[in-house]
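This is my_file-v2.tsv (TSV, N, CA and C atoms).
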chain	number	residue	atom	x	y	z
A	68	MET	N	0.84	-1.18	0.00
A	68	MET	CA	0.00	0.00	0.00
A	68	MET	C	0.89	1.24	0.00
A	69	LEU	N	0.58	2.14	-0.87
A	69	LEU	CA	1.28	3.41	-0.96
A	69	LEU	C	0.67	4.36	0.07
A	70	THR	N	1.49	4.99	0.89
A	70	THR	CA	1.03	5.96	1.88
A	70	THR	C	1.61	7.31	1.54
A	71	LEU	N	0.75	8.32	1.41
A	71	LEU	CA	1.18	9.66	1.03
A	71	LEU	C	0.77	10.66	2.09
A	72	THR	N	1.51	11.73	2.19
A	72	THR	CA	1.16	12.84	3.08
A	72	THR	C	0.76	14.01	2.20
A	73	ARG	N	-0.40	14.59	2.45
A	73	ARG	CA	-0.91	15.71	1.66
A	73	ARG	C	-1.43	16.78	2.60
A	74	LYS	N	-1.43	18.01	2.15
A	74	LYS	CA	-2.00	19.13	2.89
A	74	LYS	C	-3.30	19.55	2.20
A	75	VAL	N	-4.09	20.38	2.88
A	75	VAL	CA	-5.35	20.86	2.31
A	75	VAL	C	-5.06	21.53	0.96
A	76	GLY	N	-5.85	21.15	-0.03
A	76	GLY	CA	-5.71	21.69	-1.38
A	76	GLY	C	-4.79	20.89	-2.28
A	77	GLN	N	-3.99	20.01	-1.72
A	77	GLN	CA	-3.09	19.19	-2.53
A	77	GLN	C	-3.85	17.98	-3.08
A	78	LYS	N	-3.37	17.49	-4.22
A	78	LYS	CA	-4.07	16.44	-4.96
A	78	LYS	C	-3.24	15.18	-5.10
A	79	ILE	N	-3.96	14.10	-5.39
A	79	ILE	CA	-3.37	12.81	-5.74
A	79	ILE	C	-4.03	12.40	-7.05
A	80	ARG	N	-3.25	11.92	-8.00
A	80	ARG	CA	-3.78	11.44	-9.28
A	80	ARG	C	-3.63	9.93	-9.34
A	81	ILE	N	-4.67	9.27	-9.85
A	81	ILE	CA	-4.62	7.83	-10.10
A	81	ILE	C	-4.91	7.67	-11.59
A	82	GLY	N	-3.90	7.33	-12.33
A	82	GLY	CA	-4.05	7.25	-13.78
A	82	GLY	C	-4.33	8.63	-14.36
A	83	ASP	N	-4.99	8.64	-15.51
A	83	ASP	CA	-5.29	9.90	-16.19
A	83	ASP	C	-6.64	10.48	-15.81
A	84	HIS	N	-7.51	9.70	-15.16
A	84	HIS	CA	-8.90	10.13	-15.02
A	84	HIS	C	-9.41	10.22	-13.60
A	85	ILE	N	-8.60	9.93	-12.61
A	85	ILE	CA	-9.06	9.98	-11.23
A	85	ILE	C	-8.19	10.96	-10.45
A	86	GLU	N	-8.87	11.88	-9.76
A	86	GLU	CA	-8.17	12.89	-8.98
A	86	GLU	C	-8.79	12.94	-7.59
A	87	ILE	N	-7.95	12.96	-6.57
A	87	ILE	CA	-8.39	13.06	-5.19
A	87	ILE	C	-7.74	14.30	-4.60
A	88	VAL	N	-8.56	15.16	-4.00
A	88	VAL	CA	-8.03	16.39	-3.41
A	88	VAL	C	-8.43	16.43	-1.93
A	89	VAL	N	-7.51	16.87	-1.08
A	89	VAL	CA	-7.80	17.05	0.34
A	89	VAL	C	-8.54	18.38	0.47
A	90	ARG	N	-9.82	18.31	0.82
A	90	ARG	CA	-10.65	19.52	0.90
A	90	ARG	C	-10.55	20.20	2.26
A	91	GLU	N	-10.50	19.39	3.32
A	91	GLU	CA	-10.56	19.97	4.65
A	91	GLU	C	-10.06	18.94	5.66
A	92	ILE	N	-9.47	19.42	6.74
A	92	ILE	CA	-9.07	18.55	7.85
A	92	ILE	C	-9.67	19.16	9.11
A	93	ARG	N	-10.49	18.36	9.81
A	93	ARG	CA	-11.10	18.78	11.07
A	93	ARG	C	-10.76	17.75	12.12
A	94	GLY	N	-9.86	18.06	12.99
A	94	GLY	CA	-9.49	17.11	14.04
A	94	GLY	C	-8.99	15.81	13.43
A	95	ARG	N	-9.71	14.72	13.67
A	95	ARG	CA	-9.31	13.41	13.17
A	95	ARG	C	-10.01	13.04	11.87
A	96	GLN	N	-10.76	13.96	11.27
A	96	GLN	CA	-11.47	13.66	10.02
A	96	GLN	C	-10.85	14.43	8.87
A	97	VAL	N	-10.75	13.76	7.75
A	97	VAL	CA	-10.24	14.37	6.52
A	97	VAL	C	-11.37	14.35	5.50
A	98	ARG	N	-11.64	15.49	4.89
A	98	ARG	CA	-12.67	15.57	3.86
A	98	ARG	C	-11.98	15.55	2.51
A	99	LEU	N	-12.37	14.58	1.67
A	99	LEU	CA	-11.75	14.39	0.36
A	99	LEU	C	-12.74	14.71	-0.74
A	100	GLY	N	-12.25	15.24	-1.84
A	100	GLY	CA	-13.03	15.40	-3.05
A	100	GLY	C	-12.49	14.43	-4.08
A	101	ILE	N	-13.36	13.71	-4.75
A	101	ILE	CA	-12.92	12.70	-5.72
A	101	ILE	C	-13.56	13.00	-7.07
A	102	SER	N	-12.74	13.13	-8.08
A	102	SER	CA	-13.22	13.28	-9.46
A	102	SER	C	-12.86	12.01	-10.21
A	103	ALA	N	-13.89	11.37	-10.75
A	103	ALA	CA	-13.69	10.11	-11.48
A	103	ALA	C	-14.65	10.09	-12.66
A	104	PRO	N	-14.36	9.28	-13.67
A	104	PRO	CA	-15.28	9.17	-14.80
A	104	PRO	C	-16.68	8.79	-14.32
A	105	GLN	N	-17.70	9.30	-15.01
A	105	GLN	CA	-19.08	9.11	-14.58
A	105	GLN	C	-19.46	7.64	-14.44
A	106	GLY	N	-18.95	6.76	-15.27
A	106	GLY	CA	-19.31	5.34	-15.20
A	106	GLY	C	-18.58	4.57	-14.12
A	107	LEU	N	-17.68	5.21	-13.38
A	107	LEU	CA	-16.90	4.53	-12.35
A	107	LEU	C	-17.49	4.84	-10.98
A	108	PRO	N	-18.14	3.85	-10.34
A	108	PRO	CA	-18.73	4.12	-9.03
A	108	PRO	C	-17.66	4.33	-7.96
A	109	VAL	N	-17.93	5.22	-7.02
A	109	VAL	CA	-17.03	5.51	-5.90
A	109	VAL	C	-17.85	5.33	-4.63
A	110	TYR	N	-17.36	4.49	-3.71
A	110	TYR	CA	-18.09	4.18	-2.49
A	110	TYR	C	-17.18	4.27	-1.28
A	111	ARG	N	-17.78	4.61	-0.13
A	111	ARG	CA	-17.10	4.42	1.15
A	111	ARG	C	-17.00	2.90	1.36
A	112	GLU	N	-15.98	2.45	2.02
A	112	GLU	CA	-15.75	1.01	2.19
A	112	GLU	C	-16.94	0.31	2.83
A	113	GLU	N	-17.49	0.88	3.90
A	113	GLU	CA	-18.59	0.20	4.60
A	113	GLU	C	-19.83	0.10	3.72
A	114	LEU	N	-20.10	1.08	2.87
A	114	LEU	CA	-21.23	1.01	1.95
A	114	LEU	C	-20.98	-0.03	0.87
A	115	TYR	N	-19.77	-0.08	0.35
A	115	TYR	CA	-19.41	-1.07	-0.65
A	115	TYR	C	-19.60	-2.48	-0.10
A	116	GLN	N	-19.14	-2.71	1.12
A	116	GLN	CA	-19.28	-4.04	1.75
A	116	GLN	C	-20.75	-4.40	1.94
A	117	GLN	N	-21.56	-3.42	2.35
A	117	GLN	CA	-23.00	-3.66	2.54
A	117	GLN	C	-23.66	-4.04	1.22
A	118	ILE	N	-23.36	-3.31	0.16
A	118	ILE	CA	-23.94	-3.60	-1.16
A	118	ILE	C	-23.51	-4.99	-1.62
A	119	ALA	N	-22.24	-5.30	-1.44
A	119	ALA	CA	-21.72	-6.60	-1.86
A	119	ALA	C	-22.39	-7.74	-1.08
A	120	GLN	N	-22.60	-7.55	0.23
A	120	GLN	CA	-23.25	-8.57	1.05
A	120	GLN	C	-24.71	-8.75	0.65
A	121	GLU	N	-25.40	-7.65	0.42
A	121	GLU	CA	-26.81	-7.74	0.01
A	121	GLU	C	-26.93	-8.42	-1.35
A	122	GLY	N	-26.01	-8.11	-2.25
A	122	GLY	CA	-26.03	-8.73	-3.57
A	122	GLY	C	-25.72	-10.21	-3.50
A	123	ALA	N	-24.79	-10.59	-2.64
A	123	ALA	CA	-24.43	-12.00	-2.51
A	123	ALA	C	-25.58	-12.79	-1.90
A	124	ALA	N	-26.32	-12.17	-0.99
A	124	ALA	CA	-27.44	-12.86	-0.35
A	124	ALA	C	-28.61	-12.99	-1.33
A	125	ALA	N	-28.77	-12.01	-2.21
A	125	ALA	CA	-29.90	-12.01	-3.13
A	125	ALA	C	-29.70	-12.95	-4.31
A	126	LYS	N	-28.47	-13.01	-4.82
A	126	LYS	CA	-28.19	-13.86	-5.98
A	126	LYS	C	-26.70	-14.21	-6.00
A	127	PRO	N	-26.35	-15.30	-6.64
A	127	PRO	CA	-24.95	-15.73	-6.63
A	127	PRO	C	-24.03	-14.89	-7.51
A	128	GLU	N	-24.56	-14.12	-8.46
A	128	GLU	CA	-23.68	-13.32	-9.32
A	128	GLU	C	-23.36	-11.99	-8.67
A	129	ALA	N	-22.38	-11.25	-9.22
A	129	ALA	CA	-21.92	-9.98	-8.65
A	129	ALA	C	-23.05	-8.96	-8.63
A	130	PRO	N	-23.13	-8.15	-7.57
A	130	PRO	CA	-24.19	-7.14	-7.49
A	130	PRO	C	-23.96	-6.01	-8.49
A	131	GLU	N	-25.05	-5.40	-8.93
A	131	GLU	CA	-24.99	-4.24	-9.83
A	131	GLU	C	-24.79	-3.02	-8.94
A	132	LEU	N	-23.55	-2.63	-8.72
A	132	LEU	CA	-23.24	-1.59	-7.74
A	132	LEU	C	-23.71	-0.21	-8.15
A	133	ALA	N	-23.78	0.09	-9.43
A	133	ALA	CA	-24.09	1.45	-9.84
A	133	ALA	C	-25.52	1.59	-10.37
A	134	ALA	N	-26.38	0.65	-10.08
A	134	ALA	CA	-27.74	0.69	-10.62
A	134	ALA	C	-28.45	1.97	-10.21
A	135	GLY	N	-28.89	2.73	-11.20
A	135	GLY	CA	-29.60	3.96	-10.93
A	135	GLY	C	-28.74	5.07	-10.38
A	136	ASN	N	-27.44	4.86	-10.30
A	136	ASN	CA	-26.56	5.87	-9.72
A	136	ASN	C	-25.24	5.85	-10.47
A	137	PRO	N	-25.19	6.37	-11.70
A	137	PRO	CA	-24.00	6.24	-12.52
A	137	PRO	C	-22.77	6.91	-11.94
A	138	GLY	N	-22.93	7.86	-11.05
A	138	GLY	CA	-21.76	8.53	-10.49
A	138	GLY	C	-21.27	7.88	-9.22
A	139	GLY	N	-21.95	6.85	-8.76
A	139	GLY	CA	-21.56	6.22	-7.52
A	139	GLY	C	-22.08	7.01	-6.34
A	140	ASP	N	-21.79	6.57	-5.13
A	140	ASP	CA	-22.22	7.26	-3.94
A	140	ASP	C	-21.10	7.22	-2.94
A	141	ALA	N	-20.52	8.35	-2.68
A	141	ALA	CA	-19.45	8.42	-1.69
A	141	ALA	C	-20.03	8.46	-0.30
A	142	GLY	N	-21.35	8.58	-0.20
A	142	GLY	CA	-21.99	8.56	1.10
A	142	GLY	C	-21.89	9.89	1.81
A	143	GLY	N	-21.42	10.90	1.16
A	143	GLY	CA	-21.32	12.21	1.77
A	143	GLY	C	-22.43	13.11	1.27
A	144	GLU	N	-22.27	14.39	1.51
A	144	GLU	CA	-23.26	15.33	1.03
A	144	GLU	C	-22.62	16.21	-0.03
A	145	PRO	N	-23.42	16.84	-0.87
A	145	PRO	CA	-22.85	17.71	-1.91
A	145	PRO	C	-22.00	18.79	-1.28
A	146	ASP	N	-20.91	19.11	-1.91
A	146	ASP	CA	-19.97	20.10	-1.42
A	146	ASP	C	-20.17	21.39	-2.18
A	147	PRO	N	-20.60	22.47	-1.50
A	147	PRO	CA	-20.82	23.73	-2.21
A	147	PRO	C	-19.55	24.25	-2.86
A	148	GLY	N	-18.40	23.81	-2.42
A	148	GLY	CA	-17.14	24.22	-3.02
A	148	GLY	C	-16.94	23.67	-4.42
A	149	ASP	N	-17.76	22.67	-4.80
A	149	ASP	CA	-17.66	22.08	-6.13
A	149	ASP	C	-18.42	22.88	-7.17
A	150	ASP	N	-19.23	23.84	-6.74
A	150	ASP	CA	-20.01	24.66	-7.65
A	150	ASP	C	-19.10	25.70	-8.29
A	151	PRO	N	-18.95	25.68	-9.65
A	151	PRO	CA	-18.04	26.61	-10.30
A	151	PRO	C	-18.39	28.07	-10.03
A	152	GLY	N	-19.65	28.37	-9.70
A	152	GLY	CA	-20.03	29.75	-9.43
A	152	GLY	C	-19.82	30.15	-7.99
A	153	ASN	N	-19.33	29.23	-7.16
A	153	ASN	CA	-19.15	29.49	-5.74
A	153	ASN	C	-17.67	29.64	-5.45
A	154	ASP	N	-17.27	30.79	-4.97
A	154	ASP	CA	-15.85	31.05	-4.70
A	154	ASP	C	-15.44	30.60	-3.30
A	155	GLY	N	-16.32	30.07	-2.55
A	155	GLY	CA	-15.83	29.79	-1.26
A	155	GLY	C	-16.52	28.90	-0.41

Representation of the structure as structure tokens:
Amino acid sequence: MLTLTRKVGQKIRIGDHIEIVVREIRGRQVRLGISAPQGLPVYREELYQQIAQEGAAAKPEAPELAAGNPGGDAGGEPDPGDDPGNDG
């Protein structure tokens, strides 16, 4: 596992199409912004595990993780800082 140290506003790139930026640090919590292609679902680990378990219980084949949600669900709330018309 690669371990990196980043400060607020600094980014990490994964390949050509995935970007992770440190948005905020509050005490022991780090707020991340993730930009990924629309067809690539992004999940918090606990949500991913829950979906996988529910899918495995319902049927033997792999669960459809992005059904009805092409952008994935990071499990967070919309970030007003992502609005191009919002400076702050």

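Residues within 8 Å of Ala103 of chain A, counting only N, CA and C atoms and excluding same-chain residues fewer than 6 positions away, are His84, Ile85, Glu86, Ile87, Val109 and Gly138 of chain A.
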
Create the file for the chosen residues now, containing N, CA and C atoms and written as a compact mmCIF listing (two decimals), in the coordinates of the input.
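See selection36.txt below for the written result:
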# COMPACT_ATOMS: atom_id res chain seq x y z
N HIS A 84 -7.51 9.70 -15.16
CA HIS A 84 -8.90 10.13 -15.02
C HIS A 84 -9.41 10.22 -13.60
N ILE A 85 -8.60 9.93 -12.61
CA ILE A 85 -9.06 9.98 -11.23
C ILE A 85 -8.19 10.96 -10.45
N GLU A 86 -8.87 11.88 -9.76
CA GLU A 86 -8.17 12.89 -8.98
C GLU A 86 -8.79 12.94 -7.59
N ILE A 87 -7.95 12.96 -6.57
CA ILE A 87 -8.39 13.06 -5.19
C ILE A 87 -7.74 14.30 -4.60
N VAL A 109 -17.93 5.22 -7.02
CA VAL A 109 -17.03 5.51 -5.90
C VAL A 109 -17.85 5.33 -4.63
N GLY A 138 -22.93 7.86 -11.05
CA GLY A 138 -21.76 8.53 -10.49
C GLY A 138 -21.27 7.88 -9.22

- Item | Distance of atom CA of Gln77 of chain A from atom CA of Val97 of chain A, expressed in Å to one decimal place |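 Result for atom CA of Val97 of chain A versus atom CA of Gln77 of chain A: 12.5 Å, one decimal.
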
| task | Take atom N of Leu99 of chain A and atom N of Gly82 of chain A and report the distance between them in Å, one decimal. | result |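 Pair atom N of Leu99 of chain A / atom N of Gly82 of chain A returns 17.9 Å.
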
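When atom N of Arg90 of chain A is paired with atom N of Lys78 of chain A, their separation reads 8.2 Å.
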
Within 8 Å of Arg98 of chain A using all atoms listed in the file, minus same-chain residues under 4 positions, as a PDB file with N, CA and C atoms, in the frame of the given file:
ATOM      1  N   VAL A  88      -8.560  15.160  -4.000  1.00  0.00           N
ATOM      2  CA  VAL A  88      -8.030  16.390  -3.410  1.00  0.00           C
ATOM      3  C   VAL A  88      -8.430  16.430  -1.930  1.00  0.00           C
ATOM      4  N   VAL A  89      -7.510  16.870  -1.080  1.00  0.00           N
ATOM      5  CA  VAL A  89      -7.800  17.050   0.340  1.00  0.00           C
ATOM      6  C   VAL A  89      -8.540  18.380   0.470  1.00  0.00           C
ATOM      7  N   ARG A  90      -9.820  18.310   0.820  1.00  0.00           N
ATOM      8  CA  ARG A  90     -10.650  19.520   0.900  1.00  0.00           C
ATOM      9  C   ARG A  90     -10.550  20.200   2.260  1.00  0.00           C
ATOM     10  N   GLU A  91     -10.500  19.390   3.320  1.00  0.00           N
ATOM     11  CA  GLU A  91     -10.560  19.970   4.650  1.00  0.00           C
ATOM     12  C   GLU A  91     -10.060  18.940   5.660  1.00  0.00           C
ATOM     13  N   ILE A  92      -9.470  19.420   6.740  1.00  0.00           N
ATOM     14  CA  ILE A  92      -9.070  18.550   7.850  1.00  0.00           C
ATOM     15  C   ILE A  92      -9.670  19.160   9.110  1.00  0.00           C
ATOM     16  N   ARG A  93     -10.490  18.360   9.810  1.00  0.00           N
ATOM     17  CA  ARG A  93     -11.100  18.780  11.070  1.00  0.00           C
ATOM     18  C   ARG A  93     -10.760  17.750  12.120  1.00  0.00           C
TER      19      ARG A  93
END
